[in-house]
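The file model_22.cif contains mmCIF, C-alpha atoms:
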```
data_my_file
loop_
_atom_site.label_atom_id
_atom_site.label_comp_id
_atom_site.auth_asym_id
_atom_site.auth_seq_id
_atom_site.Cartn_x
_atom_site.Cartn_y
_atom_site.Cartn_z
CA MET A 1 99.48 -125.61 263.47
CA ALA A 2 101.20 -125.11 260.14
CA SER A 3 100.45 -121.81 258.45
CA THR A 4 98.55 -121.85 255.17
CA THR A 5 99.79 -119.69 252.30
CA ILE A 6 96.96 -117.85 250.57
CA THR A 7 96.87 -117.27 246.84
CA ILE A 8 95.39 -114.63 244.53
CA LYS A 9 92.50 -117.04 243.95
CA ASP A 10 91.81 -117.14 247.71
CA ILE A 11 91.74 -113.34 247.91
CA ALA A 12 89.46 -113.08 244.88
CA ARG A 13 87.06 -115.67 246.34
CA ALA A 14 86.99 -113.98 249.76
CA LEU A 15 86.32 -110.51 248.35
CA GLY A 16 83.99 -111.54 245.54
CA VAL A 17 86.09 -110.04 242.74
CA SER A 18 87.91 -111.51 239.74
CA ILE A 19 91.44 -112.90 239.89
CA SER A 20 92.60 -110.31 237.34
CA THR A 21 91.21 -107.51 239.54
CA VAL A 22 93.18 -108.81 242.52
CA SER A 23 96.34 -109.16 240.43
CA ARG A 24 96.12 -105.60 239.12
CA ALA A 25 95.15 -104.18 242.51
CA LEU A 26 98.23 -105.76 244.10
CA LYS A 27 100.33 -103.94 241.47
CA ASN A 28 98.54 -100.65 242.29
CA ASN A 29 97.24 -100.41 238.73
CA PRO A 30 95.37 -97.06 238.42
CA ASP A 31 92.70 -98.76 236.28
CA ILE A 32 91.43 -100.34 239.52
CA SER A 33 89.59 -97.98 241.85
CA ALA A 34 91.43 -96.71 244.92
CA GLU A 35 88.77 -98.29 247.13
CA THR A 36 89.23 -101.75 245.58
CA ARG A 37 93.02 -101.45 245.66
CA LYS A 38 92.89 -100.64 249.38
CA LEU A 39 90.46 -103.48 250.07
CA VAL A 40 92.65 -106.03 248.26
CA ASN A 41 95.95 -104.83 249.73
CA ASP A 42 94.55 -104.63 253.27
CA TYR A 43 93.24 -108.19 252.98
CA ALA A 44 96.54 -109.42 251.53
CA ARG A 45 98.50 -107.78 254.34
CA LYS A 46 96.19 -109.09 257.05
CA HIS A 47 96.47 -112.67 255.75
CA HIS A 48 100.23 -112.45 255.04
CA TYR A 49 99.93 -112.94 251.30
CA LYS A 50 103.27 -113.40 249.53
CA PRO A 51 103.40 -113.32 245.70
CA ASN A 52 104.71 -116.46 244.03
CA ALA A 53 107.29 -114.92 241.70
CA MET A 54 108.17 -118.24 240.12
CA ALA A 55 104.56 -119.06 239.28
CA ALA A 56 103.97 -115.58 237.87
CA SER A 57 107.04 -115.95 235.68
CA LEU A 58 105.89 -119.29 234.33
CA ARG A 59 102.37 -118.03 233.62
CA SER A 60 103.45 -114.94 231.74
CA ASN A 61 106.82 -116.18 230.47
CA ARG A 62 108.12 -113.00 232.15
CA SER A 63 109.23 -112.13 235.68
CA ASN A 64 108.16 -109.13 237.73
CA THR A 65 111.76 -107.92 237.48
CA ILE A 66 113.18 -104.95 235.59
CA GLY A 67 116.73 -105.07 234.29
CA VAL A 68 118.83 -101.92 234.77
CA ILE A 69 122.14 -101.35 232.99
CA VAL A 70 124.54 -98.83 234.53
CA PRO A 71 127.85 -97.93 232.83
CA GLN A 72 129.65 -97.47 236.17
CA LEU A 73 128.12 -97.55 239.65
CA VAL A 74 130.95 -95.44 241.11
CA HIS A 75 129.64 -92.31 239.39
CA HIS A 76 127.36 -90.22 241.59
CA PHE A 77 124.94 -89.51 238.75
CA PHE A 78 124.35 -93.19 237.95
CA SER A 79 123.90 -94.09 241.62
CA CYS A 80 121.29 -91.31 241.88
CA VAL A 81 119.51 -92.62 238.78
CA LEU A 82 119.47 -96.09 240.32
CA SER A 83 118.04 -94.67 243.54
CA GLY A 84 115.19 -93.04 241.61
CA ILE A 85 114.44 -96.29 239.76
CA GLU A 86 114.52 -98.38 242.95
CA ARG A 87 112.17 -96.05 244.79
CA LYS A 88 109.51 -96.05 242.08
CA ALA A 89 109.91 -99.78 241.34
CA SER A 90 109.41 -100.66 245.00
CA GLN A 91 106.27 -98.53 245.20
CA ALA A 92 104.84 -100.30 242.14
CA GLY A 93 105.69 -103.81 243.37
CA TYR A 94 108.62 -104.54 241.04
CA THR A 95 112.12 -105.74 241.79
CA ILE A 96 115.18 -104.63 239.85
CA LEU A 97 118.19 -106.54 238.58
CA VAL A 98 121.19 -104.21 238.28
CA ALA A 99 124.27 -104.83 236.15
CA GLN A 100 127.14 -102.54 235.20
CA SER A 101 128.69 -102.67 231.77
CA THR A 102 131.98 -101.13 232.99
CA GLU A 103 131.90 -99.14 229.73
CA SER A 104 132.38 -102.37 227.71
CA TYR A 105 130.31 -103.16 224.60
CA GLU A 106 130.90 -106.90 224.96
CA GLU A 107 129.84 -106.85 228.62
CA GLU A 108 126.74 -104.86 227.72
CA VAL A 109 125.75 -107.45 225.10
CA ARG A 110 126.29 -110.25 227.65
CA ILE A 111 124.09 -108.43 230.19
CA VAL A 112 121.29 -107.93 227.65
CA HIS A 113 121.31 -111.63 226.79
CA GLN A 114 121.32 -112.50 230.49
CA PHE A 115 118.30 -110.25 231.02
CA GLN A 116 116.49 -112.06 228.19
CA GLU A 117 117.22 -115.44 229.78
CA SER A 118 115.99 -114.11 233.14
CA ARG A 119 112.69 -113.12 231.47
CA VAL A 120 112.78 -109.53 232.71
CA CYS A 121 109.63 -107.57 231.93
CA GLY A 122 111.54 -104.47 230.80
CA VAL A 123 114.98 -102.87 230.61
CA ILE A 124 116.26 -99.40 231.55
CA ALA A 125 119.71 -98.76 230.08
CA SER A 126 122.48 -96.24 229.56
CA LEU A 127 124.98 -97.05 226.82
CA ALA A 128 128.59 -97.99 227.49
CA LYS A 129 131.20 -95.67 225.98
CA GLU A 130 132.30 -98.42 223.59
CA THR A 131 128.80 -99.10 222.25
CA SER A 132 128.14 -98.03 218.68
CA HIS A 133 126.10 -101.05 217.50
CA TYR A 134 122.66 -101.65 218.95
CA GLU A 135 121.41 -105.01 217.62
CA HIS A 136 121.27 -106.47 221.14
CA TYR A 137 118.74 -103.83 222.19
CA GLN A 138 116.72 -104.34 219.03
CA GLU A 139 116.56 -108.05 219.91
CA LEU A 140 114.97 -107.15 223.25
CA ILE A 141 112.33 -104.98 221.63
CA THR A 142 111.61 -107.53 218.91
CA SER A 143 111.10 -110.20 221.58
CA GLY A 144 108.52 -107.99 223.32
CA ILE A 145 110.70 -106.62 226.13
CA PRO A 146 110.33 -102.81 226.27
CA VAL A 147 113.47 -100.69 226.60
CA VAL A 148 113.87 -97.15 227.94
CA PHE A 149 117.24 -95.41 227.54
CA TYR A 150 118.53 -92.75 229.92
CA ASP A 151 121.45 -90.29 229.77
CA ARG A 152 123.54 -92.03 227.08
CA ILE A 153 120.79 -92.79 224.63
CA CYS A 154 120.55 -94.74 221.39
CA THR A 155 119.24 -92.67 218.48
CA GLY A 156 119.30 -95.65 216.11
CA ILE A 157 116.34 -97.41 217.77
CA LYS A 158 112.80 -96.10 217.99
CA THR A 159 112.08 -96.23 221.70
CA GLU A 160 111.62 -93.99 224.75
CA ARG A 161 114.42 -91.93 226.29
CA VAL A 162 115.01 -89.81 229.38
CA VAL A 163 117.84 -87.29 229.24
CA VAL A 164 118.96 -84.21 231.08
CA ASP A 165 119.04 -81.02 229.07
CA ASP A 166 122.73 -81.38 228.24
CA TYR A 167 122.72 -78.60 225.67
CA ALA A 168 121.09 -76.01 227.93
CA GLY A 169 123.28 -77.01 230.89
CA ALA A 170 126.47 -76.64 228.86
CA PHE A 171 125.33 -73.36 227.32
CA ALA A 172 124.51 -71.90 230.76
CA ALA A 173 127.88 -72.98 232.18
CA VAL A 174 129.95 -71.54 229.33
CA GLU A 175 127.85 -68.38 229.22
CA TYR A 176 128.55 -67.85 232.92
CA LEU A 177 132.29 -68.32 232.37
CA ILE A 178 132.19 -65.73 229.57
CA GLN A 179 130.16 -63.28 231.67
CA THR A 180 132.77 -63.52 234.44
CA GLY A 181 135.51 -62.46 232.01
CA CYS A 182 136.77 -65.73 230.49
CA LYS A 183 137.65 -65.70 226.79
CA ARG A 184 139.76 -68.83 226.16
CA ILE A 185 137.59 -71.67 227.42
CA CYS A 186 138.84 -75.23 227.01
CA PHE A 187 136.26 -78.01 226.60
CA PHE A 188 137.04 -81.53 227.87
CA GLY A 189 134.49 -83.93 226.36
CA ALA A 190 133.84 -87.69 226.12
CA ASP A 191 133.83 -89.97 223.07
CA PRO A 192 132.53 -87.94 220.08
CA HIS A 193 129.90 -90.55 219.06
CA LEU A 194 128.01 -90.23 222.38
CA GLU A 195 124.94 -88.00 222.26
CA ILE A 196 125.82 -86.33 225.57
CA THR A 197 129.17 -85.27 224.09
CA LYS A 198 127.50 -83.88 220.99
CA ASN A 199 124.88 -81.96 222.98
CA ARG A 200 127.27 -80.54 225.56
CA LYS A 201 129.78 -79.59 222.88
CA ASN A 202 127.03 -77.83 220.91
CA GLY A 203 126.07 -75.90 224.04
CA TYR A 204 129.70 -74.89 224.47
CA LEU A 205 130.07 -73.83 220.82
CA ASP A 206 126.80 -71.90 220.71
CA ALA A 207 127.70 -69.95 223.84
CA LEU A 208 130.97 -68.93 222.20
CA HIS A 209 129.10 -67.91 219.03
CA ARG A 210 126.54 -65.93 221.05
CA TYR A 211 129.32 -63.79 222.52
CA HIS A 212 131.34 -63.62 219.26
CA ILE A 213 134.28 -65.58 220.64
CA PRO A 214 136.19 -67.47 217.89
CA VAL A 215 136.29 -71.26 218.21
CA ASP A 216 139.82 -72.58 218.78
CA GLU A 217 139.87 -76.30 217.92
CA SER A 218 143.06 -76.74 219.95
CA LEU A 219 140.96 -76.05 223.06
CA ILE A 220 138.58 -78.96 222.40
CA LYS A 221 139.88 -82.25 223.86
CA THR A 222 138.61 -85.80 224.33
CA CYS A 223 139.13 -86.26 228.05
CA ASP A 224 136.48 -87.52 230.47
CA THR A 225 138.35 -89.02 233.43
CA ARG A 226 140.22 -87.57 236.39
CA GLN A 227 143.37 -89.51 235.49
CA LYS A 228 143.51 -88.28 231.90
CA ALA A 229 142.76 -84.71 232.96
CA MET A 230 145.65 -84.83 235.43
CA ALA A 231 147.89 -86.15 232.64
CA ILE A 232 147.12 -83.67 229.84
CA THR A 233 146.19 -80.46 231.71
CA PRO A 234 149.73 -79.44 232.85
CA ASP A 235 150.98 -79.25 229.24
CA ILE A 236 147.94 -77.16 228.28
CA LEU A 237 148.54 -74.80 231.21
CA GLU A 238 152.24 -74.45 230.48
CA GLY A 239 151.77 -73.84 226.74
CA GLU A 240 151.59 -70.48 225.04
CA ASN A 241 148.34 -68.54 225.28
CA ARG A 242 146.93 -70.88 227.94
CA PRO A 243 143.16 -71.13 228.64
CA ASP A 244 141.59 -68.93 231.28
CA ALA A 245 138.79 -71.45 231.90
CA PHE A 246 137.86 -75.14 231.54
CA PHE A 247 134.42 -76.64 231.02
CA ALA A 248 134.53 -80.38 231.73
CA ILE A 249 131.94 -82.99 230.75
CA ASN A 250 131.83 -84.36 234.31
CA ASP A 251 132.95 -83.51 237.83
CA ALA A 252 135.66 -86.18 237.99
CA THR A 253 137.39 -84.59 235.00
CA ALA A 254 136.96 -81.12 236.49
CA ALA A 255 138.55 -82.36 239.73
CA GLY A 256 141.51 -83.66 237.71
CA ILE A 257 141.91 -80.24 236.09
CA LEU A 258 141.82 -78.59 239.52
CA PHE A 259 144.51 -80.95 240.82
CA ALA A 260 146.70 -80.20 237.78
CA CYS A 261 146.31 -76.46 238.39
CA LYS A 262 147.57 -76.92 241.95
CA LEU A 263 150.56 -78.95 240.71
CA THR A 264 151.53 -76.23 238.24
CA GLY A 265 150.94 -73.38 240.67
CA ILE A 266 147.97 -71.90 238.79
CA LYS A 267 145.51 -70.16 241.10
CA VAL A 268 141.83 -71.13 240.86
CA PRO A 269 139.72 -69.12 240.19
CA GLU A 270 142.00 -66.06 240.07
CA GLU A 271 143.94 -67.28 237.00
CA VAL A 272 141.79 -70.17 235.73
CA SER A 273 138.11 -70.92 236.24
CA ILE A 274 136.77 -74.52 236.22
CA CYS A 275 133.23 -75.83 235.75
CA GLY A 276 132.10 -79.47 235.83
CA PHE A 277 128.86 -81.33 235.14
CA SER A 278 126.89 -83.55 237.57
CA ASP A 279 127.01 -82.03 241.09
CA GLY A 280 127.92 -85.16 242.99
CA MET A 281 130.05 -85.68 246.08
CA ILE A 282 133.22 -84.85 244.14
CA ALA A 283 131.99 -81.32 243.45
CA GLN A 284 131.54 -80.66 247.16
CA SER A 285 134.73 -82.42 248.28
CA THR A 286 137.35 -80.43 246.34
CA TYR A 287 138.99 -77.23 247.53
CA PRO A 288 137.74 -74.89 246.36
CA LYS A 289 134.39 -76.58 245.75
CA LEU A 290 133.46 -77.05 242.11
CA THR A 291 131.10 -74.90 240.13
CA THR A 292 129.02 -77.45 238.22
CA VAL A 293 125.78 -78.26 236.41
CA GLU A 294 123.27 -80.20 238.51
CA GLN A 295 121.73 -83.17 236.65
CA HIS A 296 118.94 -84.35 239.02
CA GLY A 297 119.76 -88.05 238.66
CA GLU A 298 116.94 -89.31 240.89
CA GLU A 299 114.39 -87.53 238.73
CA VAL A 300 115.93 -89.12 235.62
CA GLY A 301 115.62 -92.58 237.19
CA ALA A 302 112.07 -92.04 238.42
CA SER A 303 110.98 -90.75 234.99
CA ALA A 304 112.60 -93.71 233.21
CA PHE A 305 110.74 -96.14 235.45
CA ASP A 306 107.42 -94.34 235.01
CA ILE A 307 107.70 -94.55 231.22
CA LEU A 308 108.74 -98.22 231.31
CA HIS A 309 105.93 -99.04 233.73
CA GLU A 310 103.40 -97.54 231.30
CA LYS A 311 104.80 -99.69 228.50
CA ILE A 312 104.60 -102.84 230.64
CA GLU A 313 101.02 -102.03 231.65
CA ASP A 314 100.09 -101.46 228.00
CA ALA A 315 101.58 -104.83 227.07
CA GLU A 316 99.50 -106.54 229.77
CA LYS A 317 96.31 -105.06 228.33
CA GLY A 318 96.88 -106.97 225.10
CA GLU A 319 96.85 -106.15 221.41
CA GLY A 320 93.49 -104.38 221.57
CA ALA A 321 94.86 -101.57 223.76
CA PRO A 322 95.56 -98.26 221.98
CA ALA A 323 99.26 -97.66 221.39
CA ARG A 324 100.82 -94.69 223.18
CA ASN A 325 103.09 -92.24 221.42
CA ILE A 326 106.81 -92.64 222.12
CA LYS A 327 107.82 -90.40 225.01
CA ASN A 328 111.12 -88.53 225.19
CA ARG A 329 111.44 -86.81 228.55
CA ILE A 330 113.94 -84.02 229.21
CA VAL A 331 114.97 -83.20 232.79
CA ARG A 332 116.09 -79.61 233.26
CA THR A 333 119.52 -78.76 234.66
CA ASN A 334 120.70 -75.82 236.74
CA LEU A 335 124.09 -74.19 237.31
CA ILE A 336 125.53 -74.37 240.85
CA VAL A 337 128.14 -71.63 241.32
CA ARG A 338 130.88 -72.39 243.86
CA GLY A 339 134.55 -71.58 244.43
CA THR A 340 136.21 -72.63 241.18
CA THR A 341 134.74 -69.74 239.21
CA LYS A 342 134.83 -65.99 239.74
#
```
Before anything else, please render the file you have as structure tokens.
Amino acid sequence: MASTTITIKDIARALGVSISTVSRALKNNPDISAETRKLVNDYARKHHYKPNAMAASLRSNRSNTIGVIVPQLVHHFFSCVLSGIERKASQAGYTILVAQSTESYEEEVRIVHQFQESRVCGVIASLAKETSHYEHYQELITSGIPVVFYDRICTGIKTERVVVDDYAGAFAAVEYLIQTGCKRICFFGADPHLEITKNRKNGYLDALHRYHIPVDESLIKTCDTRQKAMAITPDILEGENRPDAFFAINDATAAGILFACKLTGIKVPEEVSICGFSDGMIAQSTYPKLTTVEQHGEEVGASAFDILHEKIEDAEKGEGAPARNIKNRIVRTNLIVRGTTK
């Protein structure tokens, strides 16, 4: 006997509830009582209900898919963010479509347009390094597709954001270096227009000011990759009045500094201390292991999804639903002290 596929209408008829109640219960919408949600989901499981994604997309002109833009999947932080998003999306009955911009503005624009054509119901994004124009994201919002930024955020568009406390993390790292006797601390940052660079640099500068250490502009460099750090650090170490510490914007850059120190015969941490930012696998794979600032990527991803999910649910309630205030969520950081500092 051929199996019969049941629909939302069949479930609603069998349980004596409305089709909209069944639809929202299957999405675990908190507006539906826990008892009704359990009743609907148990019935759907027992009768092997499978959602018709194509039909849902045609009805709503939107899929049940969330688009996620990642600058580079190879970075531990971004893979942790993605893990947090996937976990929460799966629990809520959503699928995710992941694309990496590879730090390219043009690729990011192409991805955004692709997401629009795919009728995603929302987008979670972190800006590429090259991105300084944001019309493509404004197009999404204007077309009714909510956007939540994480980590590398866009300040030019009024929408939700989830960030780690970059300023506090940087301040704590540089303060620790100062308290362990460092006075000439070199800062390796990313592109100056990025908010994370501005916030981490401000944390670095304010820690110096707090302890009355003069700012030396020659110690502030644009360098955010392992390769570039390996290229420029030897000259810095071999110059006059060399730094006694480095604070790097990410762990890959810090690892490049550490490698350069070994090449030039500089002992770490006896002669030079090094601190990174992220606390991924790189930080625990170097010798000595890196002191770094932990970012809690999974929490960032989970928070970004939660905010986006609220916006999607609000949109489904229609124009009569009260508008929520824009949420900007900050995830706290903490300093992990290991072998590259005193």
Which residues match the PyMOL selection byres ((chain A and resi 282-289) around 10) in the file above, as a list of chain:residue names?
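Taken on the displayed file, the PyMOL selection byres ((chain A and resi 282-289) around 10) yields the residues A:His75, A:His76, A:Asn250, A:Asp251, A:Ala252, A:Ala254, A:Ala255, A:Leu258, A:Phe259, A:Val268, A:Pro269, A:Cys275, A:Gly276, A:Phe277, A:Ser278, A:Asp279, A:Gly280, A:Met281, A:Leu290, A:Thr291, A:Thr292, A:Val293, A:Ile336, A:Val337, A:Arg338, A:Gly339, A:Thr340, A:Thr341.
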Once the PyMOL selection byres ((chain A and resi 334) around 7) has been evaluated on this model, what residues remain selected, and can you format them as a ChimeraX atom specification?
/A:169,293-294,332-333,335-336
Resolved residues for the PyMOL selection byres ((chain A and resi 302-311) around 10) as number ranges by chain
A: 66, 68, 80-89, 92, 94, 121-125, 145-150, 160-163, 297-301, 312-316, 323-324, 326-331
CA of Ile96 (chain A) to CA of Val120 (chain A), straight-line distance in Å
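Rounded to one decimal, the two atoms are 9.0 Å apart.
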Contact residues around region 188-201 of chain A with all atoms listed in the file at 9 Å, ignoring same-chain residues under 3 positions, as a PyMOL selection string
chain A and resi 127+129-132+151-155+163+165-171+204-206+219-225+229+246-250+253-254
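Coordinates place CA of Glu103 (chain A) at a distance of 15.9 Å from CA of Tyr137 (chain A).
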Can you list, as a PyMOL selection string, every protein, DNA or RNA residue that comes within 9 Å of region 35-47 of chain A when you count only C-alpha atoms, leaving out same-chain residues fewer than 5 positions away?
chain A and resi 5-6+8+11-12+15+21-22+24-30
